[in-house]
>>> print(open('query_6.csv').read())   # CSV, C-alpha atoms (C1' of nucleotides)
chain,number,residue,atom,x,y,z
A,1,MET,CA,-13.2,-6.3,-34.3
A,2,LYS,CA,-11.6,-4.1,-31.8
A,3,THR,CA,-13.9,-1.2,-32.8
A,4,HIS,CA,-15.9,-1.4,-29.5
A,5,ILE,CA,-12.7,-1.0,-27.5
A,6,VAL,CA,-11.6,2.0,-29.6
A,7,ASP,CA,-15.1,3.4,-29.4
A,8,ARG,CA,-15.1,3.1,-25.6
A,9,LEU,CA,-11.7,4.9,-25.4
A,10,GLN,CA,-13.0,7.7,-27.7
A,11,ALA,CA,-16.2,8.0,-25.8
A,12,HIS,CA,-14.1,8.9,-22.8
A,13,ASP,CA,-11.9,11.3,-24.6
A,14,ILE,CA,-8.9,9.0,-24.7
A,15,LYS,CA,-6.9,8.7,-27.9
A,16,PRO,CA,-6.5,5.0,-28.8
A,17,SER,CA,-3.0,3.6,-28.9
A,18,ALA,CA,-1.8,0.0,-29.1
A,19,GLN,CA,-1.1,-0.1,-25.4
A,20,ARG,CA,-4.3,1.5,-24.3
A,21,ILE,CA,-6.3,-0.8,-26.6
A,22,ALA,CA,-4.5,-3.8,-25.3
A,23,ILE,CA,-5.0,-2.9,-21.6
A,24,LEU,CA,-8.7,-2.0,-22.0
A,25,GLU,CA,-9.2,-5.1,-24.1
A,26,TYR,CA,-7.7,-7.3,-21.4
A,27,LEU,CA,-10.0,-5.7,-18.8
A,28,MET,CA,-13.1,-6.1,-21.0
A,29,GLU,CA,-12.3,-9.8,-21.6
A,30,ASN,CA,-11.3,-10.6,-18.1
A,31,TYR,CA,-13.7,-9.5,-15.4
A,32,THR,CA,-11.4,-10.8,-12.7
A,33,HIS,CA,-10.5,-7.5,-11.1
A,34,PRO,CA,-6.8,-7.8,-11.9
A,35,THR,CA,-4.0,-5.7,-10.5
A,36,ALA,CA,-1.7,-3.5,-12.7
A,37,ASP,CA,1.0,-6.2,-12.2
A,38,THR,CA,-1.3,-9.0,-13.4
A,39,ILE,CA,-2.3,-7.0,-16.4
A,40,PHE,CA,1.3,-6.3,-17.2
A,41,ASN,CA,2.3,-9.9,-16.9
A,42,HIS,CA,-0.5,-11.1,-19.1
A,43,LEU,CA,0.2,-8.6,-21.9
A,44,TYR,CA,4.0,-8.6,-21.8
A,45,PRO,CA,4.5,-11.8,-23.8
A,46,SER,CA,2.6,-10.6,-26.8
A,47,MET,CA,3.8,-7.0,-26.4
A,48,PRO,CA,7.4,-7.2,-25.2
A,49,THR,CA,8.0,-3.5,-25.4
A,50,LEU,CA,5.3,-2.8,-22.9
A,51,SER,CA,6.4,-1.0,-19.8
A,52,LYS,CA,4.9,-1.3,-16.3
A,53,THR,CA,4.8,2.5,-16.1
A,54,THR,CA,2.6,2.6,-19.1
A,55,VAL,CA,0.2,0.1,-17.5
A,56,TYR,CA,0.0,2.3,-14.4
A,57,ASN,CA,-0.4,5.5,-16.4
A,58,THR,CA,-3.0,4.0,-18.6
A,59,LEU,CA,-5.1,2.5,-15.8
A,60,LYS,CA,-5.0,5.8,-14.0
A,61,LEU,CA,-6.1,7.6,-17.2
A,62,LEU,CA,-8.9,5.1,-17.9
A,63,ALA,CA,-10.2,5.5,-14.4
A,64,GLN,CA,-9.9,9.3,-14.4
A,65,GLN,CA,-12.0,9.4,-17.6
A,66,GLY,CA,-14.5,7.0,-16.2
A,67,ALA,CA,-13.8,4.3,-18.7
A,68,ILE,CA,-13.0,1.8,-15.9
A,69,ASN,CA,-13.4,1.6,-12.2
A,70,GLU,CA,-10.8,1.5,-9.5
A,71,ILE,CA,-11.6,-1.2,-6.8
A,72,THR,CA,-9.9,-0.6,-3.5
A,73,ILE,CA,-11.5,-3.5,-1.5
A,74,ASP,CA,-8.1,-5.2,-1.4
A,75,GLU,CA,-5.9,-3.2,1.0
A,76,LYS,CA,-2.8,-4.5,-0.7
A,77,ASN,CA,-3.2,-3.2,-4.2
A,78,VAL,CA,-5.7,-1.4,-6.4
A,79,ARG,CA,-7.7,-3.6,-8.7
A,80,TYR,CA,-9.5,-2.6,-11.9
A,81,ASP,CA,-12.9,-3.3,-13.4
A,82,ALA,CA,-14.1,-2.6,-16.9
A,83,ASP,CA,-17.7,-3.2,-15.7
A,84,ILE,CA,-18.8,0.3,-14.9
A,85,SER,CA,-22.5,-0.7,-14.4
A,86,PRO,CA,-23.7,-0.4,-10.8
A,87,HIS,CA,-22.7,-3.5,-8.8
A,88,ALA,CA,-21.1,-4.3,-5.5
A,89,HIS,CA,-18.0,-6.4,-4.6
A,90,PHE,CA,-17.4,-9.1,-2.1
A,91,ARG,CA,-13.9,-10.2,-1.0
A,92,CYS,CA,-13.1,-13.2,1.1
A,93,LYS,CA,-10.7,-12.3,3.9
A,94,TYR,CA,-9.4,-15.8,4.0
A,95,CYS,CA,-8.8,-16.9,0.4
A,96,GLY,CA,-8.9,-13.5,-1.2
A,97,SER,CA,-11.4,-14.4,-3.9
A,98,MET,CA,-13.5,-11.6,-5.2
A,99,PHE,CA,-17.1,-11.7,-6.6
A,100,ASP,CA,-19.4,-9.3,-8.2
A,101,LEU,CA,-22.7,-8.8,-6.4
A,102,PRO,CA,-25.8,-7.5,-8.2
A,103,ILE,CA,-27.5,-4.7,-6.3
A,104,LYS,CA,-31.1,-3.6,-6.6
A,105,ARG,CA,-30.3,0.0,-6.8
A,106,LEU,CA,-27.4,2.3,-6.0
A,107,PRO,CA,-27.7,3.4,-2.3
A,108,SER,CA,-28.8,6.9,-2.1
A,109,VAL,CA,-26.9,9.5,-0.2
A,110,VAL,CA,-28.4,11.8,2.4
A,111,THR,CA,-27.9,14.7,0.2
A,112,GLU,CA,-27.9,17.7,2.6
A,113,LYS,CA,-24.3,16.8,3.7
A,114,ILE,CA,-22.9,16.9,0.2
A,115,ASP,CA,-25.0,19.6,-1.5
A,116,GLY,CA,-22.9,21.1,-4.2
A,117,PHE,CA,-20.5,18.2,-4.3
A,118,MET,CA,-19.9,16.2,-7.5
A,119,ILE,CA,-20.0,12.4,-7.0
A,120,THR,CA,-18.1,10.6,-9.7
A,121,ASP,CA,-17.8,7.2,-8.3
A,122,THR,CA,-19.7,5.0,-5.9
A,123,GLN,CA,-18.3,1.8,-4.5
A,124,LEU,CA,-20.0,-0.8,-2.3
A,125,TYR,CA,-17.8,-3.4,-0.7
A,126,TYR,CA,-18.6,-6.4,1.4
A,127,ARG,CA,-15.9,-8.3,3.2
A,128,GLY,CA,-16.2,-11.6,5.0
A,129,TYR,CA,-15.8,-15.3,4.4
A,130,CYS,CA,-16.9,-17.2,1.4
A,131,LYS,CA,-18.9,-20.5,1.6
A,132,LYS,CA,-15.8,-22.6,0.9
A,133,CYS,CA,-13.6,-20.9,3.6
A,134,LYS,CA,-16.4,-20.9,6.1
A,135,ALA,CA,-16.6,-24.6,5.7
A,136,ILE,CA,-12.8,-25.2,5.8
A,137,VAL,CA,-12.1,-23.0,8.8
A,138,PRO,CA,-15.1,-23.2,11.0
A,139,TRP,CA,-13.4,-21.5,13.9
A,140,LEU,CA,-13.9,-18.3,12.1
A,141,CYS,CA,-17.6,-18.3,13.0
B,1,MET,CA,-11.8,7.7,32.9
B,2,LYS,CA,-10.3,5.4,30.4
B,3,THR,CA,-12.7,2.6,31.4
B,4,HIS,CA,-14.8,2.9,28.2
B,5,ILE,CA,-11.7,2.3,26.2
B,6,VAL,CA,-10.7,-0.7,28.2
B,7,ASP,CA,-14.3,-1.9,28.1
B,8,ARG,CA,-14.3,-1.7,24.3
B,9,LEU,CA,-11.1,-3.6,24.0
B,10,GLN,CA,-12.3,-6.3,26.3
B,11,ALA,CA,-15.7,-6.5,24.6
B,12,HIS,CA,-13.8,-7.4,21.5
B,13,ASP,CA,-11.5,-10.0,23.3
B,14,ILE,CA,-8.5,-7.8,23.3
B,15,LYS,CA,-6.3,-7.6,26.3
B,16,PRO,CA,-5.7,-4.0,27.3
B,17,SER,CA,-2.2,-2.7,27.2
B,18,ALA,CA,-0.8,0.9,27.4
B,19,GLN,CA,-0.2,0.9,23.6
B,20,ARG,CA,-3.6,-0.6,22.7
B,21,ILE,CA,-5.4,1.8,24.9
B,22,ALA,CA,-3.5,4.8,23.5
B,23,ILE,CA,-4.2,3.8,20.0
B,24,LEU,CA,-7.9,3.1,20.5
B,25,GLU,CA,-8.2,6.3,22.6
B,26,TYR,CA,-6.7,8.4,19.8
B,27,LEU,CA,-9.1,6.9,17.3
B,28,MET,CA,-12.1,7.5,19.6
B,29,GLU,CA,-11.1,11.1,20.1
B,30,ASN,CA,-10.2,11.8,16.6
B,31,TYR,CA,-12.7,10.8,14.0
B,32,THR,CA,-10.4,12.0,11.3
B,33,HIS,CA,-9.8,8.6,9.6
B,34,PRO,CA,-6.1,8.8,10.3
B,35,THR,CA,-3.4,6.5,8.8
B,36,ALA,CA,-1.1,4.3,10.8
B,37,ASP,CA,1.6,6.9,10.3
B,38,THR,CA,-0.5,9.8,11.5
B,39,ILE,CA,-1.5,7.9,14.6
B,40,PHE,CA,2.2,7.0,15.3
B,41,ASN,CA,3.3,10.6,14.9
B,42,HIS,CA,0.7,11.9,17.3
B,43,LEU,CA,1.3,9.3,20.0
B,44,TYR,CA,5.1,9.2,19.8
B,45,PRO,CA,5.9,12.4,21.7
B,46,SER,CA,3.9,11.2,24.8
B,47,MET,CA,5.0,7.6,24.3
B,48,PRO,CA,8.6,7.7,23.1
B,49,THR,CA,9.1,3.9,23.2
B,50,LEU,CA,6.2,3.3,20.8
B,51,SER,CA,7.1,1.5,17.7
B,52,LYS,CA,5.5,1.8,14.3
B,53,THR,CA,5.2,-1.9,14.1
B,54,THR,CA,3.1,-1.9,17.2
B,55,VAL,CA,0.8,0.6,15.6
B,56,TYR,CA,0.4,-1.5,12.5
B,57,ASN,CA,-0.1,-4.7,14.6
B,58,THR,CA,-2.6,-3.1,16.9
B,59,LEU,CA,-4.7,-1.5,14.2
B,60,LYS,CA,-4.8,-4.9,12.4
B,61,LEU,CA,-5.8,-6.6,15.6
B,62,LEU,CA,-8.5,-4.0,16.4
B,63,ALA,CA,-9.9,-4.3,12.9
B,64,GLN,CA,-9.8,-8.1,13.0
B,65,GLN,CA,-11.8,-8.1,16.2
B,66,GLY,CA,-14.3,-5.6,14.9
B,67,ALA,CA,-13.4,-2.9,17.3
B,68,ILE,CA,-12.6,-0.4,14.6
B,69,ASN,CA,-13.1,-0.2,10.8
B,70,GLU,CA,-10.5,-0.3,8.0
B,71,ILE,CA,-11.3,2.4,5.4
B,72,THR,CA,-9.8,1.8,1.9
B,73,ILE,CA,-11.3,4.7,0.1
B,74,ASP,CA,-7.8,6.3,-0.2
B,75,GLU,CA,-5.8,4.1,-2.6
B,76,LYS,CA,-2.6,5.3,-1.1
B,77,ASN,CA,-2.9,4.0,2.5
B,78,VAL,CA,-5.4,2.4,4.8
B,79,ARG,CA,-7.3,4.6,7.1
B,80,TYR,CA,-8.9,3.8,10.4
B,81,ASP,CA,-12.3,4.7,12.0
B,82,ALA,CA,-13.4,4.0,15.5
B,83,ASP,CA,-17.0,4.8,14.5
B,84,ILE,CA,-18.3,1.3,13.7
B,85,SER,CA,-21.9,2.4,13.3
B,86,PRO,CA,-23.3,2.2,9.7
B,87,HIS,CA,-22.3,5.2,7.7
B,88,ALA,CA,-20.7,6.0,4.3
B,89,HIS,CA,-17.5,7.9,3.4
B,90,PHE,CA,-16.8,10.6,0.9
B,91,ARG,CA,-13.4,11.6,-0.4
B,92,CYS,CA,-12.5,14.5,-2.6
B,93,LYS,CA,-10.3,13.4,-5.4
B,94,TYR,CA,-8.8,16.9,-5.6
B,95,CYS,CA,-8.0,18.0,-2.0
B,96,GLY,CA,-8.2,14.5,-0.4
B,97,SER,CA,-10.6,15.6,2.3
B,98,MET,CA,-12.8,13.0,3.8
B,99,PHE,CA,-16.3,13.2,5.3
B,100,ASP,CA,-18.7,10.9,7.0
B,101,LEU,CA,-22.0,10.6,5.3
B,102,PRO,CA,-25.1,9.3,7.1
B,103,ILE,CA,-27.0,6.6,5.4
B,104,LYS,CA,-30.7,5.8,5.8
B,105,ARG,CA,-30.1,2.1,5.9
B,106,LEU,CA,-27.3,-0.3,5.0
B,107,PRO,CA,-27.7,-1.3,1.4
B,108,SER,CA,-29.1,-4.9,1.2
B,109,VAL,CA,-27.4,-7.6,-0.8
B,110,VAL,CA,-29.0,-9.8,-3.4
B,111,THR,CA,-28.6,-12.7,-1.1
B,112,GLU,CA,-28.8,-15.7,-3.6
B,113,LYS,CA,-25.2,-15.0,-4.8
B,114,ILE,CA,-23.7,-15.1,-1.3
B,115,ASP,CA,-25.9,-17.7,0.4
B,116,GLY,CA,-23.7,-19.4,3.1
B,117,PHE,CA,-21.2,-16.5,3.1
B,118,MET,CA,-20.4,-14.6,6.2
B,119,ILE,CA,-20.4,-10.8,5.8
B,120,THR,CA,-18.3,-9.1,8.5
B,121,ASP,CA,-17.9,-5.7,7.0
B,122,THR,CA,-19.8,-3.4,4.7
B,123,GLN,CA,-18.2,-0.3,3.2
B,124,LEU,CA,-19.9,2.4,1.1
B,125,TYR,CA,-17.6,4.9,-0.6
B,126,TYR,CA,-18.4,8.0,-2.6
B,127,ARG,CA,-15.6,9.7,-4.5
B,128,GLY,CA,-15.8,13.0,-6.3
B,129,TYR,CA,-15.1,16.7,-5.8
B,130,CYS,CA,-16.2,18.6,-2.7
B,131,LYS,CA,-17.9,22.0,-2.9
B,132,LYS,CA,-14.7,24.0,-2.3
B,133,CYS,CA,-12.7,22.2,-5.0
B,134,LYS,CA,-15.6,22.3,-7.5
B,135,ALA,CA,-15.6,26.0,-7.1
B,136,ILE,CA,-11.8,26.5,-7.3
B,137,VAL,CA,-11.3,24.2,-10.3
B,138,PRO,CA,-14.4,24.6,-12.4
B,139,TRP,CA,-12.9,22.8,-15.4
B,140,LEU,CA,-13.5,19.6,-13.5
B,141,CYS,CA,-17.1,19.8,-14.3
C,1,DA,C1',10.0,16.5,-44.7
C,2,DT,C1',10.0,19.1,-40.5
C,3,DT,C1',8.5,20.0,-36.4
C,4,DA,C1',5.6,20.1,-32.2
C,5,DA,C1',2.9,17.6,-29.1
C,6,DA,C1',1.8,13.4,-27.0
C,7,DA,C1',2.8,8.7,-25.5
C,8,DT,C1',5.9,5.2,-24.0
C,9,DT,C1',9.8,3.4,-21.8
C,10,DG,C1',13.4,2.1,-18.2
C,11,DT,C1',15.5,3.2,-14.3
C,12,DA,C1',15.7,5.0,-9.9
C,13,DT,C1',13.1,6.4,-6.0
C,14,DT,C1',9.6,6.7,-2.7
C,15,DT,C1',6.7,4.9,0.7
C,16,DA,C1',3.3,1.8,3.0
C,17,DT,C1',3.4,-2.4,5.0
C,18,DT,C1',5.2,-6.8,6.7
C,19,DA,C1',8.7,-10.3,8.5
C,20,DC,C1',11.2,-11.6,12.1
C,21,DA,C1',14.1,-12.2,15.9
C,22,DA,C1',15.3,-10.1,20.2
C,23,DA,C1',13.9,-7.8,24.3
C,24,DG,C1',10.5,-6.6,27.5
C,25,DT,C1',6.1,-7.4,30.1
C,26,DT,C1',2.5,-9.8,32.4
C,27,DG,C1',0.4,-13.1,35.1
C,28,DT,C1',0.7,-17.6,37.4
C,29,DT,C1',2.6,-21.4,40.0
C,30,DT,C1',5.5,-22.9,43.3
D,1,DA,C1',9.8,-13.6,45.7
D,2,DA,C1',11.9,-16.7,42.0
D,3,DA,C1',10.9,-19.2,37.9
D,4,DC,C1',8.5,-19.7,34.0
D,5,DA,C1',5.5,-19.6,30.1
D,6,DA,C1',2.7,-16.8,27.3
D,7,DC,C1',2.0,-12.7,25.3
D,8,DT,C1',3.4,-8.0,23.7
D,9,DT,C1',6.4,-4.7,22.0
D,10,DT,C1',10.4,-3.1,19.6
D,11,DG,C1',13.8,-2.1,15.9
D,12,DT,C1',15.7,-3.3,11.8
D,13,DA,C1',15.6,-5.2,7.5
D,14,DA,C1',13.0,-6.7,3.6
D,15,DT,C1',9.1,-6.5,0.3
D,16,DA,C1',6.4,-4.7,-3.0
D,17,DA,C1',3.1,-1.2,-5.0
D,18,DA,C1',3.2,3.0,-7.1
D,19,DT,C1',5.5,7.3,-8.7
D,20,DA,C1',9.0,10.6,-10.7
D,21,DC,C1',11.5,11.7,-14.3
D,22,DA,C1',14.4,12.2,-18.2
D,23,DA,C1',15.2,10.0,-22.6
D,24,DT,C1',13.3,8.0,-26.5
D,25,DT,C1',9.7,6.9,-29.7
D,26,DT,C1',5.4,7.6,-31.9
D,27,DT,C1',1.7,10.4,-33.8
D,28,DA,C1',-0.4,14.3,-36.0
D,29,DA,C1',-0.1,18.7,-38.2
D,30,DT,C1',1.9,22.0,-41.1
>>> encode(input="query_6.csv", output="structure tokens")
Amino acid sequence: MKTHIVDRLQAHDIKPSAQRIAILEYLMENYTHPTADTIFNHLYPSMPTLSKTTVYNTLKLLAQQGAINEITIDEKNVRYDADISPHAHFRCKYCGSMFDLPIKRLPSVVTEKIDGFMITDTQLYYRGYCKKCKAIVPWLC
Amino acid sequence: MKTHIVDRLQAHDIKPSAQRIAILEYLMENYTHPTADTIFNHLYPSMPTLSKTTVYNTLKLLAQQGAINEITIDEKNVRYDADISPHAHFRCKYCGSMFDLPIKRLPSVVTEKIDGFMITDTQLYYRGYCKKCKAIVPWLC
DNA sequence: ATTAAAATTGTATTTATTACAAAGTTGTTT
DNA sequence: AAACAACTTTGTAATAAATACAATTTTAAT
């Protein structure tokens, strides 16, 4: 039943290992944009030999190979997203909650400036205040 | 001659002080997306009482008030940009160089999802390999 | 079974950023 | 001009994310 996870790893030239499968599986089942620390804390109980370094290494590898996305909308720590289809992110500056936002199409670059460049990753971030926080703290507006 | 800097501070409800003026002035004269540390190191020689905490505090205040933008394309540290007009950023994953990219128009959100939200900041990031690095390290492609 | 290569682990370190209390500055009121 | 409150800056200490690295374990190949 974990074949789709193994498949995804192999499709991105990553050899499957118990740790890599567990980490990617967590990301594919929890689209919550977790941090490395959060992932470690969730996996540790069922995988007590897991090391935080492995989590960091694996996430970096997965992102490098394009199997997952690095989200840097939160200036405190990097977050990870197994949804690599084009979409934007919103983050509330008051409560910190994050949402995926559908986008009609990926914004196109004015190509002259980056002719000959290779774009591997496009990220669209919206920051502001969510409905709830806007209501709670009206002085923000 | 520094009236435009003072004006910009006041336009964003920030009381001008020697430190605030120096920091915003540096950002308005150096569109290099510097880090807090870089700004501190450049200003320190001519302002030896300056403290790094002040640089951090001031940059946070300036960003909060919308006088400058926080750029989080570099997962290592936050960078700052006094150009608050709509534009995108590119960062080379090999050499770390950053470029501004003009955009035709700010990408529009699918509004249903964020109805009642307040968007204060939109950031569009492109990551990849610049022309130079693509040539030097062809195995990247 | 032996060995080489690759992956994981744990600890120690680095480094960006924040917390906080003390000191300094500014502007205002008498 | 002295007193005072409000605001700003400073320096040090603390926090916390991420990395370096050497040792150990696992995997794959001969």
>>> closest_atom_pairs(input="query_6.csv", of="chain A", to="chain B", cutoff="7 Å", atoms="all atoms listed in the file", output="tab-separated table")
residue	atom	partner	partner_atom	distance
A:Thr72	CA	B:Thr72	CA	5.9
A:Ile73	CA	B:Thr72	CA	6.5
A:Glu75	CA	B:Thr72	CA	6.4
A:Val78	CA	B:Glu75	CA	6.7
A:Leu101	CA	B:Lys113	CA	6.9
A:Pro102	CA	B:Val110	CA	6.2
A:Ile103	CA	B:Val110	CA	6.1
A:Pro107	CA	B:Pro107	CA	6.0
A:Val109	CA	B:Ile103	CA	6.3
A:Val110	CA	B:Ile103	CA	6.2
A:Lys113	CA	B:Leu101	CA	6.8
A:Gly116	CA	B:Lys131	CA	5.2
A:Phe117	CA	B:Cys130	CA	4.6
A:Met118	CA	B:Tyr129	CA	5.1
A:Ile119	CA	B:Gly128	CA	4.3
A:Thr120	CA	B:Gly128	CA	4.8
A:Asp121	CA	B:Arg127	CA	5.1
A:Thr122	CA	B:Tyr126	CA	4.6
A:Gln123	CA	B:Tyr125	CA	5.0
A:Leu124	CA	B:Leu124	CA	4.7
A:Tyr125	CA	B:Gln123	CA	5.0
A:Tyr126	CA	B:Thr122	CA	4.6
A:Arg127	CA	B:Asp121	CA	5.0
A:Gly128	CA	B:Ile119	CA	4.3
A:Tyr129	CA	B:Met118	CA	5.0
A:Cys130	CA	B:Phe117	CA	4.7
A:Lys131	CA	B:Phe117	CA	4.9
>>> closest_atom_pairs(input="query_6.csv", of="chain B", to="chain D", cutoff="10 Å", atoms="all atoms listed in the file", output="tab-separated table")
residue	atom	partner	partner_atom	distance
B:Lys15	CA	D:DC7	C1'	9.8
B:Ser17	CA	D:DT8	C1'	8.5
B:Gln19	CA	D:DT9	C1'	8.8
B:Thr49	CA	D:DT10	C1'	8.0
B:Leu50	CA	D:DT10	C1'	7.7
B:Ser51	CA	D:DT10	C1'	6.0
B:Lys52	CA	D:DT10	C1'	8.7
B:Thr53	CA	D:DT10	C1'	7.7
B:Thr54	CA	D:DT9	C1'	6.5
B:Asn57	CA	D:DT9	C1'	9.8
B:Lys76	CA	D:DA18	C1'	8.7
>>> atom_distance(input="query_6.csv", atom1="CA of Leu59 (chain A)", atom2="C1' of DT13 (chain C)")
21.0 Å
>>> closest_residue(input="query_6.csv", among="C:DA6, C:DT26, C:DT14, C:DA19", to="chain A", atoms="only C-alpha atoms (C1' of nucleotides)")
C:DA6
>>> atom_distance(input="query_6.csv", atom1="CA of Tyr44 (chain A)", atom2="CA of Asn30 (chain A)")
15.9 Å
>>> closest_atom_pairs(input="query_6.csv", of="chain C", to="chain A", cutoff="8 Å", atoms="only C-alpha atoms (C1' of nucleotides)", output="CSV")
residue,atom,partner,partner_atom,distance
C:DT8,C1',A:Thr54,CA,6.5
C:DT9,C1',A:Ser51,CA,5.9
C:DG10,C1',A:Ser51,CA,7.8
>>> atom_distance(input="query_6.csv", atom1="CA of Pro48 (chain B)", atom2="CA of Ile84 (chain B)")
29.2 Å
>>> residues_around(input="query_6.csv", residues="Ala36 (chain A)", least_positions_apart="3", cutoff="7 Å", atoms="all atoms listed in the file", output="PyMOL selection string")
chain A and resi 39-40+55-56
>>> closest_residue(input="query_6.csv", among="A:Pro86, A:Gly66, A:Gly96, A:Pro45", to="Asp13 (chain A)", atoms="only C-alpha atoms")
A:Gly66
>>> axis_aligned_box(input="query_6.csv", around="region 16-28 of chain D", padding_each_side="3 Å", output="AutoDock Vina command-line options")
--center_x 7.4 --center_y 4.8 --center_z -19.5 --size_x 21.6 --size_y 25.0 --size_z 39.0
